[in-house]
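Source file: target.pdb (PDB, C-alpha atoms, pLDDT in the B column)
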ATOM      1  CA  MET A  76     -40.884 -84.586  25.352  1.00 45.00           C
ATOM      2  CA  GLN A  77     -44.437 -85.463  24.336  1.00 44.00           C
ATOM      3  CA  PHE A  78     -47.025 -82.916  23.312  1.00 40.00           C
ATOM      4  CA  THR A  79     -50.789 -82.817  23.281  1.00 41.00           C
ATOM      5  CA  GLN A  80     -52.361 -80.782  20.506  1.00 42.00           C
ATOM      6  CA  ILE A  81     -55.409 -78.669  21.370  1.00 41.00           C
ATOM      7  CA  ASN A  82     -57.422 -76.532  19.028  1.00 42.00           C
ATOM      8  CA  LYS A  83     -59.373 -73.418  19.911  1.00 41.00           C
ATOM      9  CA  ASN A  84     -59.640 -71.698  16.524  1.00 41.00           C
ATOM     10  CA  LYS A  85     -61.400 -73.994  14.056  1.00 39.00           C
ATOM     11  CA  GLY A  86     -58.200 -75.619  12.875  1.00 40.00           C
ATOM     12  CA  ASP A  87     -56.234 -72.421  12.312  1.00 43.00           C
ATOM     13  CA  VAL A  88     -54.045 -72.569  15.396  1.00 40.00           C
ATOM     14  CA  ASN A  89     -52.566 -75.560  17.206  1.00 43.00           C
ATOM     15  CA  THR A  90     -51.058 -75.007  20.624  1.00 42.00           C
ATOM     16  CA  ALA A  91     -48.611 -77.630  21.863  1.00 41.00           C
ATOM     17  CA  ILE A  92     -48.558 -78.194  25.590  1.00 38.00           C
ATOM     18  CA  SER A  93     -45.851 -80.171  27.307  1.00 42.00           C
ATOM     19  CA  GLU A  94     -46.427 -82.830  29.922  1.00 42.00           C
ATOM     20  CA  GLN A  95     -45.694 -80.163  32.548  1.00 43.00           C
ATOM     21  CA  GLY A  96     -48.484 -77.980  31.167  1.00 43.00           C
ATOM     22  CA  ASN A  97     -46.233 -75.312  29.651  1.00 47.00           C
ATOM     23  CA  VAL A  98     -47.263 -73.750  26.367  1.00 43.00           C
ATOM     24  CA  VAL A  99     -44.405 -74.524  24.012  1.00 44.00           C
ATOM     25  CA  GLN A 100     -45.583 -73.253  20.661  1.00 45.00           C
ATOM     26  CA  ASN A 101     -48.378 -71.552  18.797  1.00 45.00           C
ATOM     27  CA  VAL A 102     -48.245 -72.845  15.248  1.00 46.00           C
ATOM     28  CA  THR A 103     -50.373 -71.295  12.539  1.00 44.00           C
ATOM     29  CA  LYS A 104     -51.558 -73.745   9.909  1.00 44.00           C
ATOM     30  CA  ILE A 105     -50.638 -71.923   6.736  1.00 43.00           C
ATOM     31  CA  THR A 106     -52.173 -74.197   4.134  1.00 46.00           C
ATOM     32  CA  GLY A 107     -55.313 -72.529   2.871  1.00 49.00           C
ATOM     33  CA  GLY A 108     -54.819 -69.408   4.977  1.00 58.00           C
ATOM     34  CA  ILE A 109     -51.401 -67.920   4.237  1.00 61.00           C
ATOM     35  CA  ALA A 110     -52.753 -65.303   1.853  1.00 59.00           C
ATOM     36  CA  ASP A 111     -54.605 -63.615   4.725  1.00 73.00           C
ATOM     37  CA  LYS A 112     -51.637 -63.450   7.091  1.00 85.00           C
ATOM     38  CA  GLU A 113     -49.057 -60.679   6.834  1.00 93.00           C
ATOM     39  CA  ARG A 114     -46.891 -61.796   9.736  1.00 96.00           C
ATOM     40  CA  LEU A 115     -45.641 -65.338  10.255  1.00 96.00           C
ATOM     41  CA  PHE A 116     -43.675 -66.812  13.154  1.00 96.00           C
ATOM     42  CA  ILE A 117     -40.695 -69.122  13.228  1.00 97.00           C
ATOM     43  CA  ASP A 118     -42.906 -72.046  14.315  1.00 96.00           C
ATOM     44  CA  ASP A 119     -44.882 -71.639  11.068  1.00 95.00           C
ATOM     45  CA  ILE A 120     -41.861 -72.392   8.880  1.00 96.00           C
ATOM     46  CA  GLU A 121     -41.550 -76.058   7.972  1.00 96.00           C
ATOM     47  CA  SER A 122     -37.870 -75.626   7.161  1.00 97.00           C
ATOM     48  CA  PHE A 123     -37.376 -74.637  10.823  1.00 98.00           C
ATOM     49  CA  SER A 124     -39.743 -77.270  12.244  1.00 97.00           C
ATOM     50  CA  LYS A 125     -37.314 -78.487  14.918  1.00 97.00           C
ATOM     51  CA  VAL A 126     -37.874 -75.282  16.903  1.00 97.00           C
ATOM     52  CA  ARG A 127     -41.410 -76.464  17.640  1.00 97.00           C
ATOM     53  CA  ASP A 128     -40.001 -78.981  20.119  1.00 95.00           C
ATOM     54  CA  LEU A 129     -37.894 -76.384  21.929  1.00 95.00           C
ATOM     55  CA  ALA A 130     -39.546 -74.321  24.653  1.00 94.00           C
ATOM     56  CA  PRO A 131     -38.305 -70.755  25.199  1.00 95.00           C
ATOM     57  CA  ALA A 132     -37.332 -71.729  28.753  1.00 94.00           C
ATOM     58  CA  THR A 133     -34.733 -74.119  27.343  1.00 94.00           C
ATOM     59  CA  VAL A 134     -32.707 -71.285  25.812  1.00 96.00           C
ATOM     60  CA  ALA A 135     -33.285 -68.728  28.577  1.00 95.00           C
ATOM     61  CA  PRO A 136     -29.787 -69.323  30.074  1.00 94.00           C
ATOM     62  CA  LEU A 137     -28.264 -68.220  26.743  1.00 96.00           C
ATOM     63  CA  LEU A 138     -29.978 -64.821  26.850  1.00 96.00           C
ATOM     64  CA  LYS A 139     -29.386 -61.659  28.830  1.00 95.00           C
ATOM     65  CA  ASN A 140     -32.412 -59.374  28.712  1.00 95.00           C
ATOM     66  CA  GLY A 141     -33.421 -61.116  25.498  1.00 96.00           C
ATOM     67  CA  TYR A 142     -29.994 -60.593  23.910  1.00 97.00           C
ATOM     68  CA  LEU A 143     -27.977 -63.468  22.422  1.00 97.00           C
ATOM     69  CA  ASP A 144     -24.275 -62.637  22.189  1.00 96.00           C
ATOM     70  CA  VAL A 145     -23.396 -64.195  18.816  1.00 97.00           C
ATOM     71  CA  ASP A 146     -21.977 -62.874  15.552  1.00 96.00           C
ATOM     72  CA  GLU A 147     -24.088 -62.250  12.464  1.00 95.00           C
ATOM     73  CA  ASP A 148     -21.769 -64.545  10.511  1.00 95.00           C
ATOM     74  CA  LEU A 149     -22.551 -67.457  12.839  1.00 96.00           C
ATOM     75  CA  VAL A 150     -26.275 -66.912  12.306  1.00 97.00           C
ATOM     76  CA  GLN A 151     -25.863 -66.614   8.546  1.00 96.00           C
ATOM     77  CA  LYS A 152     -23.762 -69.766   8.234  1.00 96.00           C
ATOM     78  CA  ALA A 153     -26.205 -71.678  10.409  1.00 97.00           C
ATOM     79  CA  LEU A 154     -29.114 -70.600   8.200  1.00 98.00           C
ATOM     80  CA  GLU A 155     -27.163 -71.554   5.097  1.00 97.00           C
ATOM     81  CA  GLU A 156     -26.575 -75.037   6.509  1.00 97.00           C
ATOM     82  CA  ILE A 157     -30.156 -75.503   7.696  1.00 97.00           C
ATOM     83  CA  LEU A 158     -31.568 -74.352   4.336  1.00 97.00           C
ATOM     84  CA  THR A 159     -28.836 -75.983   2.205  1.00 96.00           C
ATOM     85  CA  VAL A 160     -27.706 -72.710   0.644  1.00 96.00           C
ATOM     86  CA  ALA A 161     -24.457 -73.262  -1.237  1.00 91.00           C
ATOM     87  CA  LEU A 162     -23.426 -69.619  -1.699  1.00 86.00           C
ATOM     88  CA  HIS A 163     -22.164 -67.626   1.280  1.00 88.00           C
ATOM     89  CA  LYS A 164     -22.843 -63.932   0.675  1.00 82.00           C
ATOM     90  CA  LYS A 165     -20.275 -61.570   2.139  1.00 80.00           C
ATOM     91  CA  ASP A 166     -21.591 -58.628   4.119  1.00 71.00           C
ATOM     92  CA  TRP A 167     -21.297 -55.203   2.469  1.00 67.00           C
ATOM     93  CA  ALA A 168     -22.943 -51.833   3.001  1.00 64.00           C
ATOM     94  CA  GLY A 169     -25.075 -51.616  -0.148  1.00 69.00           C
ATOM     95  CA  GLU A 170     -26.528 -55.106  -0.158  1.00 81.00           C
ATOM     96  CA  VAL A 171     -30.241 -55.653  -0.822  1.00 90.00           C
ATOM     97  CA  ASN A 172     -30.343 -58.540   1.643  1.00 94.00           C
ATOM     98  CA  ASP A 173     -27.961 -60.692   3.696  1.00 94.00           C
ATOM     99  CA  LEU A 174     -29.277 -64.046   2.503  1.00 96.00           C
ATOM    100  CA  TYR A 175     -31.558 -65.009  -0.357  1.00 96.00           C
ATOM    101  CA  THR A 176     -32.912 -68.477  -1.071  1.00 97.00           C
ATOM    102  CA  ALA A 177     -35.899 -70.323  -2.488  1.00 97.00           C
ATOM    103  CA  ASN A 178     -35.269 -73.301  -0.191  1.00 97.00           C
ATOM    104  CA  VAL A 179     -37.650 -72.148   2.543  1.00 98.00           C
ATOM    105  CA  ILE A 180     -40.752 -74.355   2.816  1.00 96.00           C
ATOM    106  CA  VAL A 181     -43.991 -72.842   4.121  1.00 95.00           C
ATOM    107  CA  GLY A 182     -47.288 -74.673   3.849  1.00 89.00           C
ATOM    108  CA  GLY A 183     -45.645 -77.340   1.727  1.00 92.00           C
ATOM    109  CA  VAL A 184     -44.538 -74.771  -0.864  1.00 94.00           C
ATOM    110  CA  ARG A 185     -41.093 -73.324  -1.596  1.00 95.00           C
ATOM    111  CA  ARG A 186     -41.019 -69.600  -0.896  1.00 96.00           C
ATOM    112  CA  PRO A 187     -38.402 -67.214  -2.284  1.00 98.00           C
ATOM    113  CA  THR A 188     -37.115 -65.624   0.909  1.00 98.00           C
ATOM    114  CA  ALA A 189     -34.897 -62.638   1.697  1.00 98.00           C
ATOM    115  CA  PHE A 190     -33.220 -62.188   5.085  1.00 98.00           C
ATOM    116  CA  LEU A 191     -31.962 -59.136   6.943  1.00 97.00           C
ATOM    117  CA  LEU A 192     -29.519 -60.344   9.619  1.00 96.00           C
ATOM    118  CA  LYS A 193     -28.109 -58.505  12.623  1.00 96.00           C
ATOM    119  CA  GLY A 194     -25.685 -59.996  15.138  1.00 96.00           C
ATOM    120  CA  LYS A 195     -23.823 -58.686  18.137  1.00 95.00           C
ATOM    121  CA  GLY A 196     -22.156 -56.022  15.998  1.00 93.00           C
ATOM    122  CA  LEU A 197     -25.187 -53.962  16.982  1.00 93.00           C
ATOM    123  CA  LYS A 198     -24.497 -53.249  20.656  1.00 91.00           C
ATOM    124  CA  LYS A 199     -28.092 -52.525  21.607  1.00 93.00           C
ATOM    125  CA  LYS A 200     -30.761 -54.558  23.325  1.00 95.00           C
ATOM    126  CA  VAL A 201     -33.457 -53.293  20.952  1.00 97.00           C
ATOM    127  CA  MET A 202     -33.070 -52.856  17.192  1.00 97.00           C
ATOM    128  CA  GLU A 203     -34.785 -49.750  15.831  1.00 96.00           C
ATOM    129  CA  ILE A 204     -35.360 -48.774  12.197  1.00 93.00           C
ATOM    130  CA  GLY A 205     -32.406 -46.370  12.384  1.00 92.00           C
ATOM    131  CA  ASP A 206     -30.123 -49.294  13.221  1.00 94.00           C
ATOM    132  CA  CYS A 207     -30.838 -50.874   9.846  1.00 90.00           C
ATOM    133  CA  GLY A 208     -28.614 -48.804   7.575  1.00 82.00           C
ATOM    134  CA  LYS A 209     -28.820 -45.066   6.986  1.00 77.00           C
ATOM    135  CA  ASN A 210     -32.341 -43.872   7.796  1.00 73.00           C
ATOM    136  CA  GLY A 211     -33.510 -47.481   7.836  1.00 77.00           C
ATOM    137  CA  ASP A 212     -32.743 -47.996   4.150  1.00 88.00           C
ATOM    138  CA  GLN A 213     -31.633 -51.571   4.805  1.00 91.00           C
ATOM    139  CA  VAL A 214     -35.231 -52.485   5.644  1.00 91.00           C
ATOM    140  CA  ILE A 215     -36.466 -50.668   2.545  1.00 90.00           C
ATOM    141  CA  ARG A 216     -33.977 -52.536   0.341  1.00 94.00           C
ATOM    142  CA  LEU A 217     -34.976 -55.867   1.908  1.00 96.00           C
ATOM    143  CA  PHE A 218     -38.525 -55.475   0.624  1.00 96.00           C
ATOM    144  CA  GLN A 219     -37.194 -54.745  -2.864  1.00 95.00           C
ATOM    145  CA  SER A 220     -35.851 -58.307  -3.055  1.00 96.00           C
ATOM    146  CA  PRO A 221     -37.569 -60.711  -5.490  1.00 96.00           C
ATOM    147  CA  ALA A 222     -39.210 -62.615  -2.645  1.00 97.00           C
ATOM    148  CA  ASP A 223     -42.596 -63.214  -1.073  1.00 95.00           C
ATOM    149  CA  LEU A 224     -41.251 -63.951   2.431  1.00 98.00           C
ATOM    150  CA  PHE A 225     -39.114 -61.320   4.166  1.00 98.00           C
ATOM    151  CA  VAL A 226     -37.241 -62.194   7.360  1.00 98.00           C
ATOM    152  CA  ILE A 227     -35.929 -59.629   9.852  1.00 98.00           C
ATOM    153  CA  GLN A 228     -33.528 -61.250  12.331  1.00 98.00           C
ATOM    154  CA  PHE A 229     -31.688 -59.714  15.274  1.00 98.00           C
ATOM    155  CA  VAL A 230     -29.948 -61.303  18.258  1.00 98.00           C
ATOM    156  CA  GLY A 231     -31.825 -58.959  20.606  1.00 98.00           C
ATOM    157  CA  ASN A 232     -35.298 -57.465  20.702  1.00 98.00           C
ATOM    158  CA  ILE A 233     -36.912 -56.044  17.562  1.00 98.00           C
ATOM    159  CA  SER A 234     -38.777 -52.808  18.130  1.00 97.00           C
ATOM    160  CA  GLU A 235     -42.477 -52.376  17.472  1.00 97.00           C
ATOM    161  CA  ALA A 236     -41.594 -49.608  15.011  1.00 95.00           C
ATOM    162  CA  VAL A 237     -39.652 -52.097  12.852  1.00 96.00           C
ATOM    163  CA  ILE A 238     -42.575 -54.529  12.972  1.00 97.00           C
ATOM    164  CA  GLN A 239     -45.043 -51.789  12.048  1.00 96.00           C
ATOM    165  CA  HIS A 240     -42.816 -50.727   9.158  1.00 95.00           C
ATOM    166  CA  ALA A 241     -42.753 -54.317   7.898  1.00 96.00           C
ATOM    167  CA  HIS A 242     -46.556 -54.436   8.003  1.00 96.00           C
ATOM    168  CA  GLY A 243     -46.594 -51.291   5.877  1.00 96.00           C
ATOM    169  CA  GLU A 244     -44.215 -52.762   3.323  1.00 96.00           C
ATOM    170  CA  ILE A 245     -46.305 -55.938   3.071  1.00 96.00           C
ATOM    171  CA  ALA A 246     -49.476 -53.898   2.587  1.00 95.00           C
ATOM    172  CA  ARG A 247     -47.744 -51.922  -0.178  1.00 95.00           C
ATOM    173  CA  LEU A 248     -46.676 -55.106  -1.974  1.00 96.00           C
ATOM    174  CA  LYS A 249     -50.172 -56.556  -1.701  1.00 93.00           C
ATOM    175  CA  THR A 250     -51.660 -53.469  -3.356  1.00 94.00           C
ATOM    176  CA  GLN A 251     -49.449 -54.401  -6.320  1.00 94.00           C
ATOM    177  CA  GLY A 252     -51.108 -57.817  -6.445  1.00 93.00           C
ATOM    178  CA  LYS A 253     -48.142 -59.639  -4.901  1.00 92.00           C
ATOM    179  CA  GLU A 254     -48.302 -62.303  -2.230  1.00 91.00           C
ATOM    180  CA  ALA A 255     -46.056 -61.164   0.599  1.00 95.00           C
ATOM    181  CA  HIS A 256     -45.412 -62.056   4.230  1.00 97.00           C
ATOM    182  CA  PHE A 257     -42.825 -61.204   6.852  1.00 98.00           C
ATOM    183  CA  LEU A 258     -41.222 -63.001   9.762  1.00 98.00           C
ATOM    184  CA  THR A 259     -39.252 -61.602  12.689  1.00 98.00           C
ATOM    185  CA  ILE A 260     -36.646 -63.696  14.509  1.00 98.00           C
ATOM    186  CA  ASP A 261     -35.574 -62.019  17.746  1.00 98.00           C
ATOM    187  CA  GLY A 262     -32.899 -63.108  20.213  1.00 98.00           C
ATOM    188  CA  GLN A 263     -35.077 -65.758  21.804  1.00 98.00           C
ATOM    189  CA  ASP A 264     -36.106 -67.317  18.494  1.00 98.00           C
ATOM    190  CA  THR A 265     -32.540 -67.042  17.173  1.00 98.00           C
ATOM    191  CA  ALA A 266     -31.402 -69.030  20.215  1.00 98.00           C
ATOM    192  CA  ARG A 267     -34.177 -71.584  19.717  1.00 97.00           C
ATOM    193  CA  LEU A 268     -33.258 -72.012  16.055  1.00 98.00           C
ATOM    194  CA  LEU A 269     -29.516 -72.360  16.646  1.00 97.00           C
ATOM    195  CA  THR A 270     -30.051 -74.753  19.542  1.00 97.00           C
ATOM    196  CA  ALA A 271     -32.636 -76.885  17.748  1.00 97.00           C
ATOM    197  CA  TYR A 272     -30.215 -77.453  14.875  1.00 97.00           C
ATOM    198  CA  GLY A 273     -27.148 -78.103  17.024  1.00 95.00           C
ATOM    199  CA  LYS A 274     -25.382 -74.775  16.481  1.00 94.00           C
ATOM    200  CA  LEU A 275     -25.583 -73.763  20.159  1.00 92.00           C
ATOM    201  CA  THR A 276     -25.731 -75.746  23.381  1.00 87.00           C
ATOM    202  CA  PRO A 277     -27.503 -74.214  26.385  1.00 79.00           C
ATOM    203  CA  PRO A 278     -25.723 -74.664  29.719  1.00 75.00           C
ATOM    204  CA  ALA A 279     -26.918 -77.671  31.668  1.00 67.00           C
ATOM    205  CA  LEU A 280     -29.522 -76.966  34.298  1.00 57.00           C
ATOM    206  CA  PRO A 281     -28.454 -77.735  37.877  1.00 58.00           C
ATOM    207  CA  ALA A 282     -29.551 -81.108  39.183  1.00 59.00           C
ATOM    208  CA  LEU A 283     -32.527 -81.120  41.544  1.00 59.00           C
ATOM    209  CA  PRO A 284     -31.657 -81.903  45.172  1.00 68.00           C
ATOM    210  CA  SER A 285     -32.392 -85.418  46.326  1.00 65.00           C
ATOM    211  CA  PRO A 286     -35.576 -85.759  48.386  1.00 65.00           C
TER     212      PRO A 286
END
Translate the structure described by the file into structure tokens.
Amino acid sequence: MQFTQINKNKGDVNTAISEQGNVVQNVTKITGGIADKERLFIDDIESFSKVRDLAPATVAPLLKNGYLDVDEDLVQKALEEILTVALHKKDWAGEVNDLYTANVIVGGVRRPTAFLLKGKGLKKKVMEIGDCGKNGDQVIRLFQSPADLFVIQFVGNISEAVIQHAHGEIARLKTQGKEAHFLTIDGQDTARLLTAYGKLTPPALPALPSP
């Protein structure tokens, strides 16, 4: 698939449009501007650059109401392979994060990154703060990691309350003089990531009828 890049924001945002005219991605150029952005998106991460060529429509058959029915362990192992993380952390109740690595590249720079991962063990379409440990303490512990990029991933939809909480944590860290950013990966972006790196295969679309 070929893309045409257009720019409407003085070089800050590039929108890729497919030959069919569908908007495929909205990629923020981080170099020179990352310090001003609290929230990043999966398309911004160079280590996940293959997702930029994968339209959400491609993975739609894998989702049911935005929910991707896969285990947390599958997601974690896929991330470890994509990011070349040698150590596989086992899941346990008191962990600070599910995955920690400095192999994530953003804006041409390695970023120490902590991940909170949730798979189909959470039988809900939308993840709320209360679903992240007792009283949401799993989210609190995530932002205590020695990182400047914090990733919240769930195979379904991530509630606005979780996103707002993450903004608050980033603001708190910035008042301490730290550079900090967060990224959410919902079911759709989880499917895009796993598919782009060959960990999932969407069902084939039916052939168009002959004219």
Identify all residues satisfying the PyMOL selection byres ((chain A and resi 171) around 12) in the given file; provide them as JSON, numbers by chain. {"A": [164, 165, 166, 167, 168, 169, 170, 172, 173, 174, 175, 189, 190, 191, 192, 207, 208, 212, 213, 214, 215, 216, 217, 218, 219, 220, 221, 222, 225]}
Report the distance between CA of Gly273 in chain A and CA of Phe229 in chain A in Å, rounded to one decimal place.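 About the pair CA of Gly273 in chain A and CA of Phe229 in chain A: they are 19.0 Å apart.
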Hits of the PyMOL selection byres ((chain A and resi 153) around 12) in this structure, as a PyMOL selection string: chain A and resi 123+145-152+154-161+163+174+192+265-266+268-275
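Put simply, CA of Lys200 in chain A is 9.3 Å away from CA of Gly262 in chain A.
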Would you work out the distance separating CA of Gly211 in chain A from CA of Pro131 in chain A, expressed in Å to one decimal?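 One can read the CA of Gly211 in chain A to CA of Pro131 in chain A distance as 29.4 Å.
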Output the residue selection produced by the PyMOL selection byres ((chain A and resi 256) around 6) on the file above, formatted as number ranges by chain. A: 113-114, 224, 255, 257
Those residues you just picked out, can you put them in a file as a short mmCIF file (atom, residue, chain, number, x, y, z; two decimals), in the frame of the given file with C-alpha atoms?
data_model
loop_
_atom_site.label_atom_id
_atom_site.label_comp_id
_atom_site.auth_asym_id
_atom_site.auth_seq_id
_atom_site.Cartn_x
_atom_site.Cartn_y
_atom_site.Cartn_z
CA GLU A 113 -49.06 -60.68 6.83
CA ARG A 114 -46.89 -61.80 9.74
CA LEU A 224 -41.25 -63.95 2.43
CA ALA A 255 -46.06 -61.16 0.60
CA PHE A 257 -42.82 -61.20 6.85
#
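Using all atoms listed in the file, the shortest contact distance between Glu235 in chain A and any of A:Asp261, A:Asp111, A:Asp119, A:Asp128 is found at A:Asp261.
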Who sits within 10 Å of Leu137 in chain A, all atoms listed in the file, same chain under 3 positions skipped, as a ChimeraX atom specification: /A:132-134,140-144,262-263,266-267,270,275-278
Just the residues within 12 Å of Lys249 in chain A, please, counting all atoms listed in the file, with nothing from its chain fewer than 2 positions along; format it as a VMD selection string. chain A and resid 110 to 113 218 223 242 to 247 251 to 256
May I have the centre and edge lengths, in Å to one decimal, of an axis-aligned box around the listed atoms of range 117-123 of chain A with 8 Å added to every side, as JSON?
{"center_x": -41.1, "center_y": -72.6, "center_z": 10.7, "size_x": 23.5, "size_y": 22.9, "size_z": 23.2}
